[in-house]
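Engineer: I am sharing work23.cif, which consists of mmCIF, C-alpha atoms:
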data_final
#
loop_
_atom_site.label_atom_id
_atom_site.label_comp_id
_atom_site.auth_asym_id
_atom_site.auth_seq_id
_atom_site.Cartn_x
_atom_site.Cartn_y
_atom_site.Cartn_z
CA MET A 1 99.03 -52.23 22.42
CA PRO A 2 102.42 -53.42 21.08
CA LYS A 3 102.40 -54.80 17.55
CA LYS A 4 102.73 -58.59 17.48
CA ARG A 5 105.64 -59.62 15.28
CA GLY A 6 105.69 -62.75 13.15
CA LYS A 7 107.92 -65.75 13.73
CA ARG A 8 110.41 -64.88 10.97
CA TYR A 9 110.74 -61.30 12.22
CA ARG A 10 111.48 -62.54 15.74
CA GLN A 11 114.05 -64.99 14.38
CA ALA A 12 115.74 -62.20 12.42
CA LEU A 13 115.76 -59.95 15.49
CA GLU A 14 117.41 -62.73 17.49
CA ILE A 15 120.15 -63.02 14.86
CA ILE A 16 120.94 -59.32 15.30
CA GLN A 17 120.85 -59.50 19.09
CA GLN A 18 123.20 -62.49 19.12
CA ALA A 19 125.70 -60.50 17.06
CA GLY A 20 126.03 -57.87 19.81
CA ASP A 21 124.63 -54.56 20.93
CA GLY A 22 125.59 -52.60 17.82
CA PRO A 23 125.83 -50.32 16.05
CA PHE A 24 127.87 -52.42 13.65
CA ALA A 25 130.58 -51.60 11.15
CA LEU A 26 129.07 -51.35 7.67
CA GLU A 27 130.73 -54.56 6.50
CA GLU A 28 129.31 -56.50 9.47
CA ALA A 29 125.89 -54.85 9.07
CA ALA A 30 125.81 -55.94 5.41
CA GLU A 31 126.51 -59.53 6.44
CA LEU A 32 123.88 -59.39 9.19
CA VAL A 33 121.17 -57.98 6.97
CA LYS A 34 121.65 -60.92 4.58
CA LYS A 35 121.23 -63.33 7.49
CA THR A 36 117.96 -61.67 8.49
CA ALA A 37 116.43 -62.23 5.02
CA LEU A 38 114.18 -65.12 6.01
CA ALA A 39 111.23 -64.51 3.69
CA LYS A 40 110.44 -66.87 0.80
CA PHE A 41 111.29 -64.26 -1.83
CA ASP A 42 114.34 -62.18 -2.69
CA GLU A 43 113.83 -59.26 -0.33
CA SER A 44 115.04 -55.76 -1.05
CA VAL A 45 117.79 -54.34 1.12
CA ASP A 46 116.90 -50.83 2.26
CA ILE A 47 118.99 -48.09 3.82
CA ASP A 48 117.50 -45.50 6.17
CA VAL A 49 119.41 -42.38 7.12
CA ARG A 50 118.15 -39.93 9.72
CA LEU A 51 119.44 -36.45 8.98
CA GLY A 52 119.76 -33.39 11.18
CA VAL A 53 117.89 -31.20 8.69
CA ASP A 54 114.58 -29.39 8.71
CA PRO A 55 112.97 -30.03 5.30
CA ARG A 56 110.46 -27.24 5.95
CA HIS A 57 113.29 -24.89 4.97
CA ALA A 58 114.10 -24.94 1.26
CA ASP A 59 117.82 -24.57 1.94
CA GLN A 60 117.81 -27.80 3.96
CA MET A 61 116.09 -29.99 1.39
CA VAL A 62 118.35 -32.95 0.53
CA ARG A 63 117.62 -34.45 -2.86
CA GLY A 64 119.82 -36.16 -5.39
CA THR A 65 120.67 -39.12 -7.58
CA VAL A 66 123.39 -41.72 -7.38
CA ALA A 67 124.50 -44.55 -9.64
CA LEU A 68 124.84 -47.64 -7.48
CA PRO A 69 127.85 -49.70 -8.60
CA HIS A 70 125.84 -52.95 -8.48
CA GLY A 71 122.38 -51.59 -9.30
CA THR A 72 119.32 -52.32 -7.19
CA GLY A 73 118.57 -55.79 -8.51
CA LYS A 74 115.17 -54.57 -9.59
CA LYS A 75 113.94 -54.33 -13.15
CA VAL A 76 113.13 -50.65 -13.71
CA ARG A 77 110.40 -49.78 -16.21
CA VAL A 78 111.27 -46.51 -17.95
CA LEU A 79 108.83 -44.24 -19.77
CA VAL A 80 110.27 -41.51 -21.99
CA LEU A 81 108.05 -38.56 -22.87
CA ALA A 82 109.47 -36.67 -25.83
CA ASP A 83 108.73 -35.50 -29.35
CA GLU A 84 108.49 -38.22 -32.00
CA GLY A 85 112.04 -37.69 -33.26
CA ARG A 86 113.46 -38.94 -29.94
CA TRP A 87 111.39 -42.13 -29.54
CA LYS A 88 113.68 -44.45 -31.50
CA GLU A 89 116.72 -43.19 -29.61
CA ALA A 90 114.99 -43.82 -26.27
CA LEU A 91 113.84 -47.33 -27.18
CA GLU A 92 117.26 -48.31 -28.53
CA ALA A 93 118.80 -47.18 -25.22
CA GLY A 94 116.49 -49.55 -23.35
CA ALA A 95 113.37 -47.54 -22.53
CA ASP A 96 110.26 -49.66 -22.08
CA TYR A 97 107.93 -47.01 -23.49
CA ALA A 98 108.47 -43.85 -25.53
CA GLY A 99 105.88 -41.43 -26.81
CA LEU A 100 103.97 -38.36 -25.77
CA ASP A 101 100.29 -37.54 -26.22
CA GLU A 102 99.03 -41.12 -26.04
CA TYR A 103 100.92 -41.75 -22.80
CA ILE A 104 99.76 -38.47 -21.29
CA ASP A 105 96.19 -39.58 -21.96
CA GLN A 106 96.81 -43.06 -20.54
CA ILE A 107 98.31 -41.64 -17.34
CA GLN A 108 95.35 -39.31 -16.93
CA ASN A 109 93.13 -42.39 -17.24
CA GLY A 110 95.00 -44.21 -14.47
CA TRP A 111 97.83 -46.06 -16.23
CA LEU A 112 100.97 -46.19 -14.04
CA GLU A 113 102.86 -49.26 -15.27
CA PHE A 114 106.31 -47.61 -15.01
CA ASP A 115 108.90 -46.78 -12.36
CA VAL A 116 110.73 -43.77 -13.83
CA VAL A 117 109.65 -41.03 -16.24
CA ILE A 118 112.26 -39.22 -18.32
CA ALA A 119 111.30 -36.18 -20.36
CA THR A 120 112.93 -33.63 -22.64
CA PRO A 121 112.70 -29.94 -21.68
CA GLN A 122 110.61 -29.16 -24.77
CA VAL A 123 107.63 -31.24 -23.62
CA MET A 124 107.52 -30.21 -19.97
CA SER A 125 104.79 -27.66 -20.62
CA LYS A 126 102.64 -30.47 -22.05
CA ILE A 127 103.16 -32.88 -19.18
CA SER A 128 102.82 -30.29 -16.41
CA ARG A 129 99.15 -31.33 -16.18
CA LEU A 130 100.35 -34.71 -14.86
CA GLY A 131 101.91 -33.12 -11.78
CA ARG A 132 98.99 -33.94 -9.48
CA ILE A 133 99.22 -37.61 -10.52
CA LEU A 134 102.97 -38.13 -10.79
CA GLY A 135 104.12 -35.66 -8.12
CA PRO A 136 102.77 -37.45 -5.02
CA ARG A 137 104.27 -40.72 -6.31
CA GLY A 138 107.72 -39.22 -6.86
CA LEU A 139 107.48 -39.82 -10.61
CA MET A 140 107.32 -36.30 -11.99
CA PRO A 141 110.39 -35.55 -14.16
CA ASN A 142 112.73 -33.04 -12.55
CA PRO A 143 116.03 -31.51 -13.73
CA LYS A 144 117.52 -31.98 -10.24
CA SER A 145 117.05 -35.74 -10.47
CA GLY A 146 118.35 -35.93 -14.03
CA THR A 147 114.98 -36.95 -15.44
CA VAL A 148 114.50 -33.79 -17.51
CA THR A 149 117.30 -33.86 -20.04
CA GLU A 150 118.26 -33.50 -23.68
CA ASN A 151 120.45 -36.59 -23.42
CA VAL A 152 117.62 -39.09 -23.31
CA ALA A 153 119.69 -42.15 -24.23
CA GLU A 154 122.27 -41.58 -21.52
CA ALA A 155 119.58 -40.98 -18.89
CA VAL A 156 117.81 -44.21 -19.85
CA ARG A 157 121.02 -46.22 -19.68
CA GLU A 158 121.92 -44.77 -16.27
CA VAL A 159 118.51 -45.56 -14.80
CA LYS A 160 118.59 -49.08 -16.20
CA ALA A 161 122.10 -49.59 -14.81
CA GLY A 162 121.07 -48.70 -11.27
CA ARG A 163 120.81 -44.93 -10.85
CA ILE A 164 118.38 -44.07 -8.07
CA ASP A 165 116.69 -40.87 -6.98
CA PHE A 166 116.29 -39.99 -3.32
CA ARG A 167 114.69 -37.19 -1.37
CA VAL A 168 114.44 -36.42 2.32
CA ASP A 169 110.94 -36.83 3.73
CA LYS A 170 109.13 -34.35 5.94
CA THR A 171 110.59 -35.92 9.09
CA GLY A 172 114.20 -35.58 7.90
CA ASN A 173 114.72 -39.19 6.83
CA LEU A 174 116.09 -40.74 3.66
CA HIS A 175 114.82 -44.19 2.71
CA THR A 176 115.69 -46.14 -0.42
CA ALA A 177 116.45 -49.62 -1.70
CA ILE A 178 120.13 -50.31 -2.43
CA GLY A 179 120.03 -53.94 -3.48
CA LYS A 180 118.63 -57.40 -2.89
CA ALA A 181 119.22 -59.99 -0.20
CA SER A 182 120.71 -62.21 -2.92
CA PHE A 183 123.55 -59.69 -3.38
CA THR A 184 126.87 -60.48 -1.71
CA SER A 185 127.64 -58.58 1.48
CA GLN A 186 130.39 -56.76 -0.44
CA GLN A 187 127.92 -55.59 -3.10
CA ILE A 188 125.55 -54.33 -0.41
CA ARG A 189 128.40 -52.54 1.37
CA GLU A 190 129.68 -50.90 -1.82
CA ASN A 191 126.19 -49.74 -2.81
CA ALA A 192 125.65 -48.32 0.69
CA GLU A 193 128.99 -46.51 0.53
CA ALA A 194 128.13 -44.95 -2.84
CA PHE A 195 124.78 -43.76 -1.47
CA LEU A 196 126.24 -42.36 1.76
CA ARG A 197 129.07 -40.62 -0.09
CA GLU A 198 126.53 -38.74 -2.20
CA VAL A 199 124.42 -37.88 0.87
CA LEU A 200 127.51 -36.38 2.52
CA ARG A 201 128.32 -34.39 -0.62
CA LEU A 202 124.83 -32.88 -0.56
CA ARG A 203 125.09 -31.55 3.01
CA PRO A 204 123.32 -28.15 3.04
CA PRO A 205 125.64 -25.33 4.20
CA SER A 206 122.93 -24.07 6.58
CA VAL A 207 122.89 -27.29 8.64
CA LYS A 208 124.51 -26.88 12.04
CA GLY A 209 125.58 -29.73 14.29
CA ALA A 210 125.31 -33.41 13.38
CA TYR A 211 124.20 -33.89 9.78
CA VAL A 212 123.86 -37.69 9.77
CA ARG A 213 122.32 -38.90 13.02
CA SER A 214 121.70 -42.58 12.37
CA ILE A 215 121.99 -45.23 9.66
CA THR A 216 120.25 -48.58 9.46
CA LEU A 217 120.05 -51.41 6.95
CA SER A 218 117.04 -53.70 6.73
CA THR A 219 115.33 -56.17 4.44
CA THR A 220 111.76 -55.79 3.24
CA MET A 221 110.37 -57.95 6.06
CA GLY A 222 113.20 -57.75 8.59
CA PRO A 223 114.21 -55.60 11.56
CA PRO A 224 116.71 -52.72 11.24
CA VAL A 225 120.43 -53.35 11.64
CA PRO A 226 122.10 -50.24 13.12
CA VAL A 227 125.24 -49.07 11.34
CA SER A 228 128.11 -47.29 13.11
CA LEU A 229 128.52 -43.67 12.03
CA SER A 230 132.27 -44.27 11.92
CA VAL A 231 131.74 -45.37 8.31
CA LEU A 232 131.29 -41.72 7.40
CA ASN A 233 134.93 -40.97 8.27
CA THR A 234 136.07 -43.27 5.47
CA LEU A 235 133.85 -41.60 2.88
CA ARG A 236 134.77 -37.94 3.27
#
Rewrite the coordinates I just gave you, this time as structure tokens.
Structural biologist:
Amino acid sequence: MPKKRGKRYRQALEIIQQAGDGPFALEEAAELVKKTALAKFDESVDIDVRLGVDPRHADQMVRGTVALPHGTGKKVRVLVLADEGRWKEALEAGADYAGLDEYIDQIQNGWLEFDVVIATPQVMSKISRLGRILGPRGLMPNPKSGTVTENVAEAVREVKAGRIDFRVDKTGNLHTAIGKASFTSQQIRENAEAFLREVLRLRPPSVKGAYVRSITLSTTMGPPVPVSLSVLNTLR
């Protein structure tokens, strides 16, 4: 049985349909996605990219980080796990929490009031026991995402400024928030371009044929706005 959509969703869908068949140039899609933000809160703007990769093969796993020029509009709570000598440095850089053993214990007891965990290499052996808790939530520190580092202060500042991590899911899709509906259409477009440019840079050499197969923008509660793949030609 088809899912019944709410009134606001149907209104947003009508806005897209009135704009044309699509897919739309990125600039137009950014304007449309703002118009479809009809909820009573500041919705996130998400980007979804369907890739022509098979994540079951390690050499086709797409994972990376990118600093969005306008951030995500979301307050990011950062936990730094490091030896005591690095706590002051982390807190001065803007970390919300910094410590080690006490936070390991709290996490094991169910505390998860943070969005990003940054750790130094020296403590990774201690926090490896948190893998079964943090791993499934995408929170486990990893050198590939820049969250295992000696330069704690720089990592904290980058995350606070709008650096995001992304990873292809098991169906070959990338999904992440790149802003808020309150952003200007130009800010949304520039954030999307920064994200897509990094995705293109990470193309695995083993991928044959079309790498990026579709791109859509959407708000938290709204329908997808298809984006023309021609935008990729301007980012290479």
Engineer: From the options A:Leu134, A:Ala119, A:Gly94, A:Phe166, which residue's atoms come nearest to A:Ile107, counting all atoms listed in the file?
Structural biologist: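 The shortest atom-to-atom distance to A:Ile107 comes from A:Leu134.
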Engineer: Given the PyMOL selection byres ((chain A and resi 224) around 9) and the file above, list the residues it selects as a list in words.
Structural biologist: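 With the PyMOL selection byres ((chain A and resi 224) around 9) on this model, the match is Leu13, Ile16, Val33, Asp48, Thr216, Leu217, Ser218, Thr219, Gly222, Pro223, Val225 and Pro226 of chain A.
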Engineer: I'd like to see the residues matched by the PyMOL selection byres ((chain A and resi 144-151) around 12) on this file, and ideally I'd get them as a compact mmCIF listing (two decimals) with C-alpha atoms, keeping the file's coordinate frame.
Structural biologist:
# COMPACT_ATOMS: atom_id res chain seq x y z
CA MET A 61 116.09 -29.99 1.39
CA VAL A 62 118.35 -32.95 0.53
CA ARG A 63 117.62 -34.45 -2.86
CA GLY A 64 119.82 -36.16 -5.39
CA THR A 65 120.67 -39.12 -7.58
CA VAL A 66 123.39 -41.72 -7.38
CA ALA A 67 124.50 -44.55 -9.64
CA VAL A 78 111.27 -46.51 -17.95
CA LEU A 79 108.83 -44.24 -19.77
CA VAL A 80 110.27 -41.51 -21.99
CA LEU A 81 108.05 -38.56 -22.87
CA ALA A 82 109.47 -36.67 -25.83
CA ASP A 83 108.73 -35.50 -29.35
CA ARG A 86 113.46 -38.94 -29.94
CA GLU A 89 116.72 -43.19 -29.61
CA ALA A 90 114.99 -43.82 -26.27
CA ALA A 93 118.80 -47.18 -25.22
CA ASP A 115 108.90 -46.78 -12.36
CA VAL A 116 110.73 -43.77 -13.83
CA VAL A 117 109.65 -41.03 -16.24
CA ILE A 118 112.26 -39.22 -18.32
CA ALA A 119 111.30 -36.18 -20.36
CA THR A 120 112.93 -33.63 -22.64
CA PRO A 121 112.70 -29.94 -21.68
CA GLN A 122 110.61 -29.16 -24.77
CA VAL A 123 107.63 -31.24 -23.62
CA MET A 124 107.52 -30.21 -19.97
CA SER A 125 104.79 -27.66 -20.62
CA ILE A 127 103.16 -32.88 -19.18
CA GLY A 138 107.72 -39.22 -6.86
CA LEU A 139 107.48 -39.82 -10.61
CA MET A 140 107.32 -36.30 -11.99
CA PRO A 141 110.39 -35.55 -14.16
CA ASN A 142 112.73 -33.04 -12.55
CA PRO A 143 116.03 -31.51 -13.73
CA VAL A 152 117.62 -39.09 -23.31
CA ALA A 153 119.69 -42.15 -24.23
CA GLU A 154 122.27 -41.58 -21.52
CA ALA A 155 119.58 -40.98 -18.89
CA VAL A 156 117.81 -44.21 -19.85
CA ARG A 157 121.02 -46.22 -19.68
CA GLU A 158 121.92 -44.77 -16.27
CA VAL A 159 118.51 -45.56 -14.80
CA ARG A 163 120.81 -44.93 -10.85
CA ILE A 164 118.38 -44.07 -8.07
CA ASP A 165 116.69 -40.87 -6.98
CA PHE A 166 116.29 -39.99 -3.32
CA ARG A 167 114.69 -37.19 -1.37
Engineer: Rounded to one decimal in Å, what is the spacing between atom CA of A:Ile178 and atom CA of A:Ala98?
Structural biologist: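 Going from atom CA of A:Ile178 over to atom CA of A:Ala98 covers 26.7 Å.
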Engineer: Restricting the calculation to only C-alpha atoms, which member of A:Val231, A:Val45, A:Met221, A:Val168 is positioned closest to A:Lys7?
Structural biologist: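 Checking each candidate against A:Lys7, we get A:Met221 as the closest.
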Engineer: If you measure from atom CA of A:Val49 to atom CA of A:Leu174, what distance in Å do you get, rounded to one decimal?
Structural biologist: 5.1 Å
